[in-house]
Structure formats: C-alpha cells, structure tokens
file input-v7.txt (compact mmCIF, C-alpha atoms)
# COMPACT_ATOMS: atom_id res chain seq x y z
CA MET A 140 157.03 198.90 167.06
CA ALA A 141 160.48 197.39 166.50
CA LEU A 142 160.53 193.89 165.04
CA ALA A 143 161.94 192.47 168.29
CA GLU A 144 158.98 193.93 170.17
CA GLU A 145 156.63 192.64 167.48
CA TRP A 146 157.95 189.10 167.95
CA ALA A 147 157.55 189.34 171.72
CA TRP A 148 153.95 190.53 171.25
CA ARG A 149 153.12 187.64 168.89
CA LEU A 150 154.87 185.08 171.04
CA GLY A 151 152.90 186.27 174.05
CA ARG A 152 149.58 185.93 172.23
CA ILE A 153 150.38 182.47 170.92
CA ARG A 154 151.65 181.09 174.20
CA ARG A 155 148.67 182.44 176.12
CA ALA A 156 146.41 180.67 173.63
CA MET A 157 148.48 177.50 173.96
CA ALA A 158 148.21 177.63 177.75
CA GLU A 159 144.41 178.02 177.57
CA ALA A 160 144.25 174.98 175.25
CA GLU A 161 146.74 173.08 177.45
CA LEU A 162 149.11 172.58 174.52
CA GLU A 163 152.72 171.65 175.23
CA GLY A 164 153.68 172.25 171.61
CA LEU A 165 152.34 173.89 168.47
CA LEU A 166 153.23 172.79 164.95
CA SER A 167 152.12 175.08 162.11
CA TYR A 168 152.11 173.90 158.50
CA ALA A 169 152.20 176.15 155.42
CA ALA A 170 151.24 175.01 151.97
CA GLY A 171 152.58 177.16 149.14
CA TRP A 172 149.21 178.92 148.85
CA ARG A 173 148.31 179.07 152.58
CA GLN A 174 151.32 180.48 154.39
CA GLU A 175 149.64 182.76 156.92
CA ASN A 176 150.42 180.83 160.12
CA VAL A 177 154.05 180.12 159.28
CA ARG A 178 154.55 183.69 158.07
CA TYR A 179 153.04 184.95 161.33
CA LEU A 180 155.71 182.95 163.18
CA THR A 181 158.68 183.71 160.92
CA GLY A 182 157.90 187.09 159.36
CA ALA A 183 159.22 185.88 156.02
CA PRO A 184 157.40 184.79 152.84
CA LEU A 185 158.27 181.31 151.60
CA ARG A 186 159.39 180.46 148.06
CA GLY A 187 159.30 176.72 148.62
CA SER A 188 156.36 174.37 148.26
CA PHE A 189 155.77 174.13 152.00
CA GLY A 190 157.18 175.00 155.41
CA LEU A 191 156.64 174.28 159.09
CA VAL A 192 157.33 175.88 162.44
CA TYR A 193 157.40 174.08 165.79
CA LEU A 194 156.91 176.17 168.90
CA PRO A 195 157.26 174.40 172.27
CA ALA A 196 155.48 175.81 175.30
CA VAL A 197 158.94 176.55 176.71
CA GLY A 198 162.02 177.05 174.59
CA SER A 199 162.95 178.28 171.13
CA PRO A 200 161.07 177.57 167.89
CA THR A 201 162.33 175.61 164.90
CA ALA A 202 161.44 176.14 161.24
CA TRP A 203 161.70 173.70 158.33
CA VAL A 204 161.73 174.83 154.70
CA THR A 205 162.15 173.27 151.28
CA HIS A 206 163.88 176.13 149.42
CA ALA A 207 167.43 177.28 150.18
CA ASP A 208 166.48 180.96 149.92
CA ASP A 209 163.90 180.53 152.68
CA VAL A 210 166.59 179.58 155.19
CA GLN A 211 168.32 182.92 154.80
CA ALA A 212 165.07 184.88 154.60
CA ILE A 213 163.82 183.55 157.93
CA ARG A 214 167.16 184.05 159.67
CA GLN A 215 167.43 187.61 158.35
CA TRP A 216 164.00 188.41 159.75
CA GLY A 217 165.47 187.60 163.15
CA TRP A 218 162.69 185.73 164.92
CA ILE A 219 163.82 182.12 164.41
CA ASP A 220 167.48 181.11 164.35
CA ASP A 221 166.97 177.36 164.09
CA VAL A 222 166.00 176.86 160.43
CA ARG A 223 166.42 173.40 158.91
CA PRO A 224 165.93 171.83 155.45
CA LEU A 225 163.14 169.32 154.98
CA ASP A 226 161.93 167.22 152.08
CA LEU A 227 159.32 164.52 151.78
CA ASP A 228 162.04 161.87 151.27
CA ARG A 229 163.36 162.53 154.81
CA PRO A 230 160.26 163.18 156.92
CA TRP A 231 161.77 161.61 160.02
CA VAL A 232 163.89 164.71 160.70
CA LEU A 233 160.66 166.45 161.68
CA GLY A 234 159.96 163.77 164.24
CA GLU A 235 163.50 163.97 165.60
CA ARG A 236 163.00 167.62 166.58
CA LEU A 237 159.63 166.93 168.16
CA SER A 238 161.32 164.34 170.38
CA GLU A 239 164.04 166.72 171.59
CA GLY A 240 163.79 168.08 175.10
CA GLY A 241 160.86 165.89 176.12
CA ARG A 242 157.98 164.85 173.94
CA PRO A 243 154.86 167.01 174.22
CA GLN A 244 151.86 165.09 175.56
CA LYS A 245 149.42 167.38 173.77
CA LEU A 246 150.37 168.86 170.40
CA GLY A 247 148.36 171.37 168.39
CA LEU A 248 148.57 171.15 164.60
CA ALA A 249 147.63 174.28 162.64
CA HIS A 250 146.47 173.51 159.09
CA ARG A 251 146.64 169.79 159.73
CA GLU A 252 143.98 169.49 157.01
CA LEU A 253 146.52 170.67 154.41
CA MET A 254 149.50 168.64 155.61
CA PRO A 255 150.80 165.79 153.41
CA ARG A 256 150.15 162.37 154.87
CA VAL A 257 153.85 161.49 155.02
CA LEU A 258 154.54 164.45 157.35
CA TYR A 259 151.59 163.66 159.57
CA GLN A 260 152.76 160.08 159.86
CA ALA A 261 156.21 161.36 160.92
CA VAL A 262 154.54 163.33 163.71
CA GLN A 263 152.55 160.29 164.83
CA LYS A 264 155.63 158.07 164.83
CA ALA A 265 157.63 160.57 166.87
CA LEU A 266 154.81 161.11 169.38
CA PRO A 267 153.00 157.76 169.59
CA HIS A 268 151.40 158.53 172.96
CA ALA A 269 150.64 162.21 172.46
CA GLU A 270 147.21 163.72 171.93
CA VAL A 271 147.34 165.54 168.57
CA VAL A 272 144.58 168.13 168.07
CA SER A 273 143.76 170.72 165.45
CA ALA A 274 145.11 174.20 166.24
CA THR A 275 143.86 175.89 163.08
CA ARG A 276 141.13 177.81 164.90
CA LEU A 277 143.55 178.69 167.69
CA MET A 278 145.88 180.37 165.20
CA ASP A 279 142.93 182.01 163.45
CA ARG A 280 141.95 183.65 166.74
CA VAL A 281 145.53 184.65 167.51
CA ARG A 282 145.99 186.33 164.12
CA MET A 283 142.60 188.06 164.18
CA VAL A 284 143.79 190.83 166.52
CA LYS A 285 146.46 192.97 164.87
CA SER A 286 149.48 194.64 166.45
CA ALA A 287 150.36 198.29 165.85
CA TRP A 288 152.98 197.15 163.31
CA GLU A 289 150.47 194.96 161.47
CA LEU A 290 147.92 197.77 161.35
CA GLU A 291 150.52 200.07 159.84
CA GLN A 292 151.13 197.58 157.01
CA MET A 293 147.38 197.38 156.38
CA ARG A 294 146.96 201.15 156.36
CA ARG A 295 149.72 201.34 153.75
CA ALA A 296 148.02 198.60 151.76
CA GLY A 297 144.81 200.63 151.94
CA THR A 298 146.57 203.56 150.29
CA VAL A 299 147.78 201.20 147.56
CA ALA A 300 144.25 199.81 147.14
CA ASP A 301 142.92 203.35 146.64
CA ALA A 302 145.54 203.90 143.93
CA GLY A 303 144.68 200.57 142.34
CA TRP A 304 141.04 201.57 142.08
CA ARG A 305 141.96 204.86 140.42
CA ALA A 306 144.01 202.90 137.88
CA PHE A 307 141.05 200.57 137.35
CA VAL A 308 138.70 203.45 136.50
CA GLU A 309 141.27 205.02 134.18
CA ALA A 310 141.67 201.73 132.29
CA VAL A 311 137.94 201.15 131.76
CA ARG A 312 136.91 202.16 128.23
CA PRO A 313 134.74 200.61 125.50
CA GLY A 314 136.69 197.91 123.64
CA VAL A 315 139.25 197.34 126.41
CA ARG A 316 139.39 193.70 127.50
CA GLU A 317 139.07 192.57 131.10
CA TYR A 318 142.63 191.24 131.27
CA GLU A 319 143.95 194.59 130.01
CA VAL A 320 142.18 196.41 132.85
CA VAL A 321 143.66 194.01 135.40
CA ALA A 322 147.14 194.35 133.84
CA ALA A 323 146.96 198.14 134.19
CA VAL A 324 146.01 197.78 137.85
CA GLU A 325 148.74 195.23 138.56
CA SER A 326 151.35 197.58 137.06
CA VAL A 327 150.38 200.34 139.48
CA LEU A 328 150.20 198.03 142.49
CA LYS A 329 153.65 196.56 141.81
CA ARG A 330 155.14 200.02 141.32
CA LEU A 331 153.77 201.02 144.72
CA GLY A 332 155.34 198.01 146.42
CA ALA A 333 152.55 195.45 146.57
CA GLY A 334 154.03 191.98 146.86
CA ASP A 335 150.77 190.26 145.97
CA ASN A 336 147.22 191.03 144.85
CA PHE A 337 144.07 188.93 144.93
CA MET A 338 141.69 190.28 142.29
CA LEU A 339 138.38 189.38 140.68
CA ILE A 340 136.43 191.20 137.96
CA ALA A 341 133.09 191.05 136.17
CA SER A 342 131.80 193.12 133.27
CA GLY A 343 128.38 193.27 131.67
CA LYS A 344 124.87 194.29 132.55
CA GLU A 345 121.95 192.67 134.40
CA GLU A 346 123.00 189.17 133.33
CA VAL A 347 126.17 189.20 135.48
CA MET A 348 125.81 186.78 138.43
CA GLY A 349 129.26 186.98 140.02
CA MET A 350 132.96 187.72 139.59
CA THR A 351 135.82 185.62 138.20
CA PRO A 352 139.49 186.05 137.21
CA PRO A 353 139.84 188.33 134.16
CA GLY A 354 138.76 187.02 130.79
CA ASN A 355 138.94 188.10 127.16
CA ARG A 356 135.62 189.96 127.12
CA ALA A 357 135.73 193.47 125.62
CA LEU A 358 133.95 196.16 127.63
CA GLU A 359 130.86 197.77 126.12
CA ARG A 360 129.10 201.07 126.65
CA GLY A 361 126.62 200.74 129.52
CA ASP A 362 128.49 197.88 131.22
CA MET A 363 128.91 197.79 134.96
CA VAL A 364 132.50 196.72 135.66
CA ARG A 365 132.91 195.28 139.13
CA THR A 366 136.09 194.43 140.98
CA GLU A 367 137.43 193.16 144.25
CA LEU A 368 141.12 194.05 144.39
CA THR A 369 143.28 193.15 147.37
CA PRO A 370 146.92 194.29 147.42
CA ALA A 371 149.36 193.13 150.10
CA LEU A 372 152.20 195.07 151.75
CA ASN A 373 154.69 192.94 153.71
CA GLY A 374 152.20 190.10 153.40
CA TYR A 375 149.17 192.02 154.76
CA PHE A 376 146.14 192.33 152.49
CA THR A 377 143.67 195.21 152.35
CA GLN A 378 140.66 195.03 150.02
CA ILE A 379 138.54 197.50 148.08
CA CYS A 380 135.25 196.60 146.34
CA ARG A 381 133.83 199.08 143.83
CA THR A 382 131.82 199.31 140.61
CA VAL A 383 132.22 201.61 137.61
CA VAL A 384 129.87 202.10 134.67
CA VAL A 385 131.21 202.50 131.14
CA GLY A 386 129.49 205.79 130.36
CA VAL A 387 126.56 207.35 132.20
CA PRO A 388 124.84 205.10 134.78
CA ASN A 389 121.18 204.39 134.05
CA ASP A 390 118.37 204.59 136.59
CA ARG A 391 118.48 200.90 137.50
CA GLN A 392 122.24 201.01 138.08
CA GLN A 393 121.89 204.09 140.27
CA ARG A 394 119.06 202.46 142.19
CA SER A 395 121.20 199.37 142.73
CA HIS A 396 124.10 201.45 143.99
CA ALA A 397 121.84 203.23 146.48
CA LEU A 398 120.70 199.84 147.81
CA PHE A 399 124.24 198.52 148.23
CA ARG A 400 125.48 201.73 149.79
CA GLU A 401 122.67 201.60 152.35
CA ALA A 402 123.51 197.97 153.15
CA LEU A 403 127.24 198.68 153.40
CA GLU A 404 126.72 201.64 155.71
CA ALA A 405 124.34 199.60 157.88
CA GLY A 406 127.02 196.94 158.23
CA LEU A 407 129.72 199.48 159.04
CA ALA A 408 127.47 201.12 161.64
CA ALA A 409 127.16 197.75 163.41
CA VAL A 410 130.93 197.23 163.69
CA ARG A 411 132.53 197.69 167.10
CA ALA A 412 134.50 195.57 169.58
CA GLY A 413 132.26 192.97 171.20
CA VAL A 414 129.79 192.61 168.33
CA THR A 415 129.36 189.29 166.54
CA ALA A 416 129.88 188.58 162.86
CA ASP A 417 126.23 187.51 162.83
CA ALA A 418 125.04 190.96 163.97
CA ILE A 419 126.97 192.73 161.20
CA ALA A 420 125.65 190.37 158.52
CA ARG A 421 122.08 190.80 159.79
CA ALA A 422 122.42 194.58 159.65
CA GLU A 423 123.41 194.33 155.97
CA ASN A 424 120.84 191.71 155.07
CA ASP A 425 118.02 193.58 156.80
CA VAL A 426 118.41 196.34 154.22
CA PHE A 427 117.78 193.83 151.43
CA ARG A 428 114.86 192.33 153.33
CA LYS A 429 113.37 195.80 153.70
CA TYR A 430 113.12 195.97 149.91
CA ASP A 431 111.84 192.35 149.59
CA LEU A 432 115.24 191.23 148.29
CA GLY A 433 116.12 188.92 151.18
CA GLN A 434 116.42 185.88 148.92
CA TYR A 435 119.54 187.44 147.37
CA CYS A 436 121.32 187.23 150.74
CA THR A 437 121.26 183.43 150.59
CA SER A 438 124.01 181.06 149.46
CA GLN A 439 122.27 180.72 146.08
CA TYR A 440 123.44 184.24 145.18
CA THR A 441 126.25 185.17 147.54
CA ARG A 442 128.82 183.68 149.92
CA VAL A 443 129.58 186.15 152.70
CA ARG A 444 128.77 189.72 153.69
CA GLY A 445 132.41 190.39 154.47
CA HIS A 446 135.38 188.67 156.07
CA GLY A 447 138.60 189.18 157.96
CA LEU A 448 141.78 190.51 156.41
CA GLY A 449 145.42 190.07 157.31
CA LEU A 450 148.02 187.57 156.12
CA HIS A 451 145.30 185.91 154.04
CA PRO A 452 142.99 187.85 151.68
CA ASP A 453 139.89 185.94 152.85
CA ASP A 454 140.56 185.47 156.53
CA VAL A 455 138.39 184.82 159.57
CA PRO A 456 135.87 185.79 160.69
CA GLN A 457 133.41 185.17 157.89
CA ILE A 458 130.70 187.84 158.11
CA VAL A 459 127.59 185.66 157.78
CA GLU A 460 124.40 185.17 159.73
CA GLY A 461 124.85 182.43 162.29
CA ASN A 462 128.54 183.10 162.92
CA GLU A 463 128.77 184.02 166.60
CA THR A 464 132.47 184.92 166.47
CA VAL A 465 132.99 188.07 168.55
CA LEU A 466 135.07 190.81 166.94
CA GLU A 467 137.84 192.11 169.17
CA GLU A 468 139.47 195.51 169.18
CA HIS A 469 142.11 195.83 166.43
CA ALA A 470 140.65 193.08 164.27
CA VAL A 471 140.42 194.06 160.59
CA VAL A 472 137.42 193.15 158.45
CA VAL A 473 136.09 194.13 155.05
CA ILE A 474 132.34 194.74 154.96
CA HIS A 475 130.87 194.03 151.52
CA PRO A 476 127.22 193.17 150.78
CA ASN A 477 128.24 191.96 147.31
CA THR A 478 125.52 189.93 145.62
CA TYR A 479 123.25 189.65 142.62
CA THR A 480 119.87 191.36 142.43
CA PRO A 481 117.60 191.75 139.39
CA TRP A 482 117.87 195.54 139.58
CA ALA A 483 121.25 195.71 137.81
CA GLY A 484 122.90 192.31 138.17
CA TYR A 485 125.81 191.56 140.48
CA HIS A 486 126.92 194.65 142.40
CA VAL A 487 130.14 195.23 144.33
CA LEU A 488 130.71 197.76 147.11
CA GLY A 489 132.84 197.24 150.21
CA ASP A 490 135.29 198.85 152.61
CA PRO A 491 137.90 197.46 155.04
CA VAL A 492 137.98 198.79 158.61
CA VAL A 493 139.86 198.37 161.87
CA VAL A 494 137.55 197.41 164.73
CA THR A 495 137.67 199.90 167.61
CA LYS A 496 135.95 200.04 171.00
CA GLU A 497 133.36 202.52 169.77
CA GLY A 498 133.11 201.62 166.09
CA CYS A 499 135.65 201.31 163.32
CA GLU A 500 138.50 203.09 161.53
CA PRO A 501 138.29 203.14 157.71
CA LEU A 502 141.35 202.06 155.74
CA LEU A 503 140.30 203.66 152.42
CA THR A 504 139.68 207.20 151.18
CA THR A 505 137.88 206.22 147.95
CA GLU A 506 134.34 207.56 147.80
CA ARG A 507 131.40 205.16 148.06
CA VAL A 508 129.86 206.28 144.80
CA LEU A 509 128.92 204.61 141.53
CA PHE A 510 131.81 205.63 139.32
CA ALA A 511 131.41 206.55 135.64
CA ALA A 512 134.18 206.06 133.08
CA PRO A 513 134.14 208.42 130.10
CA VAL A 514 133.39 206.93 126.67
call {"tool": "encode", "arguments": {"input": "input-v7.txt", "output": "structure tokens"}}
result
Amino acid sequence: MALAEEWAWRLGRIRRAMAEAELEGLLSYAAGWRQENVRYLTGAPLRGSFGLVYLPAVGSPTAWVTHADDVQAIRQWGWIDDVRPLDLDRPWVLGERLSEGGRPQKLGLAHRELMPRVLYQAVQKALPHAEVVSATRLMDRVRMVKSAWELEQMRRAGTVADAGWRAFVEAVRPGVREYEVVAAVESVLKRLGAGDNFMLIASGKEEVMGMTPPGNRALERGDMVRTELTPALNGYFTQICRTVVVGVPNDRQQRSHALFREALEAGLAAVRAGVTADAIARAENDVFRKYDLGQYCTSQYTRVRGHGLGLHPDDVPQIVEGNETVLEEHAVVVIHPNTYTPWAGYHVLGDPVVVTKEGCEPLLTTERVLFAAPV
C-alpha cells in the first residue's frame, strides 16, 4: 500500500469513529514517551518533548511540534502540510487554530490525561462553549486494527525479534552480566534496522519473582534467564518472550516450561476475530487452575496475560479476565502467560499474532522450547 493510500485508509477510520462519537474535531497530544496517536496521524517520530495534531471533521489537519527537525520530518512524510511551532510560553497559538473555520461544539482530546495544564487551558479559552471529551479510547480502537502496510512493518519486526532472541541465547554464559546480554541484543537489533526496543530481563532460579531492566548480576550455571524483547520497525513493535537455562535444564524447569507452553497454546487457540480479551485470558488461566496454580494468575503475581502491539509496545487490548474488548480482524496481540509459580520461579513464554477470521497468524519463527545455553 502506497503511503498516500495508507493515509486515506487511516483518515477514513478516524473520521468514521469521530462521526459515531459526534465529534466535530479531534485533538491528539503526544508526550515524548507516548507518541502513538500523533505518530499515527503524521507518520513521523518526534524528537521534541511533545507534539499535537488537530483534525477537524471536515478540512485539513494541523500539527504543532517543539523541535525544528520535526517540522521537516512531518512534511516529508507527506500526510500533513500545515506544521507549526509551539512552546509552552505561547500556548494561545493552539487556541487560534481551533477557532479557525468555525469552532467545534464537541471536541475529542486523545491523551488529555497527559497534556500539560497550560495547553488544556488554551483549549478551554479558545472553545469556552464547547463540550470537550476524552478521545483516548476512540484512538485506541482506531489503532487496534492494522492496515496491510502496518502489518508488513510488524512482520519485519517479528523477523528482527527472532534474530534478537538468537543473539540473546548466544550471549548467555556463566559470568556474563545482565547488561552485557542486553547490549549484545541491542547491537543486533540496531544493525537490523530497529529504531527502538523495549526490553526486560531476569536471571536466577526459583527466587525470581519478575523482570526488570538489566542489572549488574552475573549469570550462574543453572540460572533461568528470562526476557521480553520488543523491537520496532518504522515505529511498530513486535514482541518475543522466551526463557533460556544456563546449562542443562533441571526437571522443575522443564516441568515449568511444559506448563507455560500449554497455557500459551491454549491462549493462542482461543484467538480469532470476534473473541473477547476475557476469553483468551480465561483459556490461559484455566491451564493454571487445572494444576491448582490459579492463585498465580492474580495481580499479586502477574499483570496481564498478553496485550496489544503496534505503535506502543504495551498497547490495547489488555488480555485479562473481565476485559470484554472484542478483537477485530487484523488486530495484533502478544499472548504471554508470564507469571511466577513455585515450580521454577518466574517464567516467560509468549508469541505475537495477527488476529484472523478463523484464528491467528504467527509473527515469529522461534521455537516454543526451553532453550539451553552451553556452559
């Protein structure tokens, strides 16, 4: 899909959602660390501390940025021509644009919860009689379904994730420190074109309760080394979750892997268009309950049983019991029953997939086995 066609596809999805919500305008805010909505509208990553895009129900969008390089980057992408500078000392220029061409009576604000107060006050001053509502969930739903172009970026990122895992296993040896393993992986990911990578790691034995950024701990024989690595290509993240043992896995580690593989495959078997996030999480958790390990599916030991992927590494929907969000065709989710159990400590195993009408399309080729690093 050409980029012009991609923009038309996105614009159509957003404006249909705006019409359903009866929005006359949509204002998306991007903090430096949460750019997904503005990137969806501009195509370009931002170097500045924040950015915004205003999309009226009829007419052309406007972007505001705080870094000079972002002006050129957005214009080169070709989706938004009207790109303006903005700083917190001149917030009124935002309000001036919102007043052009007739003030919207109902405005949606995506990531309002992250917006600085001074910018929100500029919006209120410009639109004193407008109804201003949150549009964060609206944009979450819009971004959940991926275009053919987006899926191609995520398939490429899956290939990079596979390569990153191979580098991870090659780096794992007794005496190597966690940060050295992560550095080896980052080198491979960057060489293959990854613009970003969200990554956690944990090393040790039964005492490990979860994952963190890399530390100074030296790996030991018999350790399980767990990782969640998530490279991005053109802004789109694809995640792999795997575990490797330093040396030969013992019986408890093998037993743990068999449990997590059964739970993962139960979750994957539940994935298809029209199913809820709740149903997938229940399929995973039922495996643990079958072995009287249901307590380890609770928030005391784990957060989610998977989540969406896309322009954010931990996107909607959250795969948890009670979440009735319906998965649509061409959504992308990672299914991972990662949690602690007393069998072998925290265990990591998960795969990303594209939701299809009949099931799902895997984005990885890495085997779902308990890997062993030579010592």
call {"tool": "atom_distance", "arguments": {"input": "input-v7.txt", "atom1": "CA of Tyr435 in chain A", "atom2": "CA of Pro481 in chain A"}}
result
9.3 Å
call {"tool": "closest_residue", "arguments": {"input": "input-v7.txt", "among": "A:Pro388, A:Gly349, A:Gly303, A:Gly334", "to": "Tyr375 in chain A", "atoms": "only C-alpha atoms"}}
result
A:Gly334
call {"tool": "residues_around", "arguments": {"input": "input-v7.txt", "residues": "His206 in chain A", "least_positions_apart": "3", "cutoff": "12 Å", "atoms": "only C-alpha atoms", "output": "PyMOL selection string"}}
result
chain A and resi 171+184-190+203+209-213+222-226
call {"tool": "write_last_selection", "arguments": {"input": "input-v7.txt", "atoms": "C-alpha atoms", "output": "PDB file, in the frame of the given file"}}
result
ATOM      1  CA  GLY A 171     152.580 177.160 149.140  1.00  0.00           C
ATOM      2  CA  PRO A 184     157.400 184.790 152.840  1.00  0.00           C
ATOM      3  CA  LEU A 185     158.270 181.310 151.600  1.00  0.00           C
ATOM      4  CA  ARG A 186     159.390 180.460 148.060  1.00  0.00           C
ATOM      5  CA  GLY A 187     159.300 176.720 148.620  1.00  0.00           C
ATOM      6  CA  SER A 188     156.360 174.370 148.260  1.00  0.00           C
ATOM      7  CA  PHE A 189     155.770 174.130 152.000  1.00  0.00           C
ATOM      8  CA  GLY A 190     157.180 175.000 155.410  1.00  0.00           C
ATOM      9  CA  TRP A 203     161.700 173.700 158.330  1.00  0.00           C
ATOM     10  CA  ASP A 209     163.900 180.530 152.680  1.00  0.00           C
ATOM     11  CA  VAL A 210     166.590 179.580 155.190  1.00  0.00           C
ATOM     12  CA  GLN A 211     168.320 182.920 154.800  1.00  0.00           C
ATOM     13  CA  ALA A 212     165.070 184.880 154.600  1.00  0.00           C
ATOM     14  CA  ILE A 213     163.820 183.550 157.930  1.00  0.00           C
ATOM     15  CA  VAL A 222     166.000 176.860 160.430  1.00  0.00           C
ATOM     16  CA  ARG A 223     166.420 173.400 158.910  1.00  0.00           C
ATOM     17  CA  PRO A 224     165.930 171.830 155.450  1.00  0.00           C
ATOM     18  CA  LEU A 225     163.140 169.320 154.980  1.00  0.00           C
ATOM     19  CA  ASP A 226     161.930 167.220 152.080  1.00  0.00           C
TER      20      ASP A 226
END
call {"tool": "residues_around", "arguments": {"input": "input-v7.txt", "residues": "Ala160 in chain A", "least_positions_apart": "6", "cutoff": "12 Å", "atoms": "all atoms listed in the file", "output": "JSON, numbers by chain"}}
result
{"A": [153, 154, 196, 245, 246, 247, 271, 272, 273, 274, 276, 277, 278]}
call {"tool": "write_last_selection", "arguments": {"input": "input-v7.txt", "atoms": "C-alpha atoms", "output": "short mmCIF file (atom, residue, chain, number, x, y, z; two decimals), in the coordinates of the input"}}
result
data_model
loop_
_atom_site.label_atom_id
_atom_site.label_comp_id
_atom_site.auth_asym_id
_atom_site.auth_seq_id
_atom_site.Cartn_x
_atom_site.Cartn_y
_atom_site.Cartn_z
CA ILE A 153 150.38 182.47 170.92
CA ARG A 154 151.65 181.09 174.20
CA ALA A 196 155.48 175.81 175.30
CA LYS A 245 149.42 167.38 173.77
CA LEU A 246 150.37 168.86 170.40
CA GLY A 247 148.36 171.37 168.39
CA VAL A 271 147.34 165.54 168.57
CA VAL A 272 144.58 168.13 168.07
CA SER A 273 143.76 170.72 165.45
CA ALA A 274 145.11 174.20 166.24
CA ARG A 276 141.13 177.81 164.90
CA LEU A 277 143.55 178.69 167.69
CA MET A 278 145.88 180.37 165.20
#
call {"tool": "atom_distance", "arguments": {"input": "input-v7.txt", "atom1": "CA of Glu423 in chain A", "atom2": "CA of Val385 in chain A"}}
result
27.3 Å
call {"tool": "atom_distance", "arguments": {"input": "input-v7.txt", "atom1": "CA of Arg394 in chain A", "atom2": "CA of Ser438 in chain A"}}
result
23.1 Å
call {"tool": "residues_near_point", "arguments": {"input": "input-v7.txt", "point": "(142.8, 195.2, 146.5)", "cutoff": "12 Å", "atoms": "all atoms listed in the file", "output": "VMD selection string"}}
result
chain A and resid 293 295 to 307 321 324 to 325 327 to 329 333 to 340 366 to 372 375 to 381 448 452 to 453 473 489 to 491 502 to 503
call {"tool": "residues_near_point", "arguments": {"input": "input-v7.txt", "point": "(156.6, 193.4, 163.2)", "cutoff": "10 Å", "atoms": "only C-alpha atoms", "output": "PyMOL selection string"}}
result
chain A and resi 140-149+179+182+216+218+286-292+373
call {"tool": "residues_around", "arguments": {"input": "input-v7.txt", "residues": "Arg316 in chain A", "least_positions_apart": "4", "cutoff": "10 Å", "atoms": "all atoms listed in the file", "output": "VMD selection string"}}
result
chain A and resid 310 to 312 320 to 321 342 353 to 359
call {"tool": "residues_around", "arguments": {"input": "input-v7.txt", "residues": "Thr495 in chain A", "least_positions_apart": "5", "cutoff": "12 Å", "atoms": "all atoms listed in the file", "output": "JSON, numbers by chain"}}
result
{"A": [284, 285, 407, 408, 409, 410, 411, 412, 413, 414, 466, 467, 468, 469, 470, 471, 472, 500, 501]}
call {"tool": "write_last_selection", "arguments": {"input": "input-v7.txt", "atoms": "C-alpha atoms", "output": "PDB file, in the coordinates of the input"}}
result
ATOM      1  CA  VAL A 284     143.790 190.830 166.520  1.00  0.00           C
ATOM      2  CA  LYS A 285     146.460 192.970 164.870  1.00  0.00           C
ATOM      3  CA  LEU A 407     129.720 199.480 159.040  1.00  0.00           C
ATOM      4  CA  ALA A 408     127.470 201.120 161.640  1.00  0.00           C
ATOM      5  CA  ALA A 409     127.160 197.750 163.410  1.00  0.00           C
ATOM      6  CA  VAL A 410     130.930 197.230 163.690  1.00  0.00           C
ATOM      7  CA  ARG A 411     132.530 197.690 167.100  1.00  0.00           C
ATOM      8  CA  ALA A 412     134.500 195.570 169.580  1.00  0.00           C
ATOM      9  CA  GLY A 413     132.260 192.970 171.200  1.00  0.00           C
ATOM     10  CA  VAL A 414     129.790 192.610 168.330  1.00  0.00           C
ATOM     11  CA  LEU A 466     135.070 190.810 166.940  1.00  0.00           C
ATOM     12  CA  GLU A 467     137.840 192.110 169.170  1.00  0.00           C
ATOM     13  CA  GLU A 468     139.470 195.510 169.180  1.00  0.00           C
ATOM     14  CA  HIS A 469     142.110 195.830 166.430  1.00  0.00           C
ATOM     15  CA  ALA A 470     140.650 193.080 164.270  1.00  0.00           C
ATOM     16  CA  VAL A 471     140.420 194.060 160.590  1.00  0.00           C
ATOM     17  CA  VAL A 472     137.420 193.150 158.450  1.00  0.00           C
ATOM     18  CA  GLU A 500     138.500 203.090 161.530  1.00  0.00           C
ATOM     19  CA  PRO A 501     138.290 203.140 157.710  1.00  0.00           C
TER      20      PRO A 501
END
call {"tool": "closest_residue", "arguments": {"input": "input-v7.txt", "among": "A:Cys499, A:Val494, A:Ala483, A:Leu398", "to": "Glu346 in chain A", "atoms": "only C-alpha atoms"}}
result
A:Ala483
call {"tool": "closest_residue", "arguments": {"input": "input-v7.txt", "among": "A:Val508, A:Leu258, A:Met283, A:Val364", "to": "Arg400 in chain A", "atoms": "only C-alpha atoms"}}
result
A:Val508
call {"tool": "closest_residue", "arguments": {"input": "input-v7.txt", "among": "A:Val197, A:Gln392, A:Asp221, A:Leu191", "to": "Gly151 in chain A", "atoms": "only C-alpha atoms"}}
result
A:Val197
call {"tool": "closest_residue", "arguments": {"input": "input-v7.txt", "among": "A:Ala249, A:Met363, A:Val281, A:Ile474", "to": "Arg152 in chain A", "atoms": "only C-alpha atoms"}}
result
A:Val281
call {"tool": "closest_residue", "arguments": {"input": "input-v7.txt", "among": "A:Gly461, A:Trp231, A:Pro352, A:Val192", "to": "Ala322 in chain A", "atoms": "all atoms listed in the file"}}
result
A:Pro352
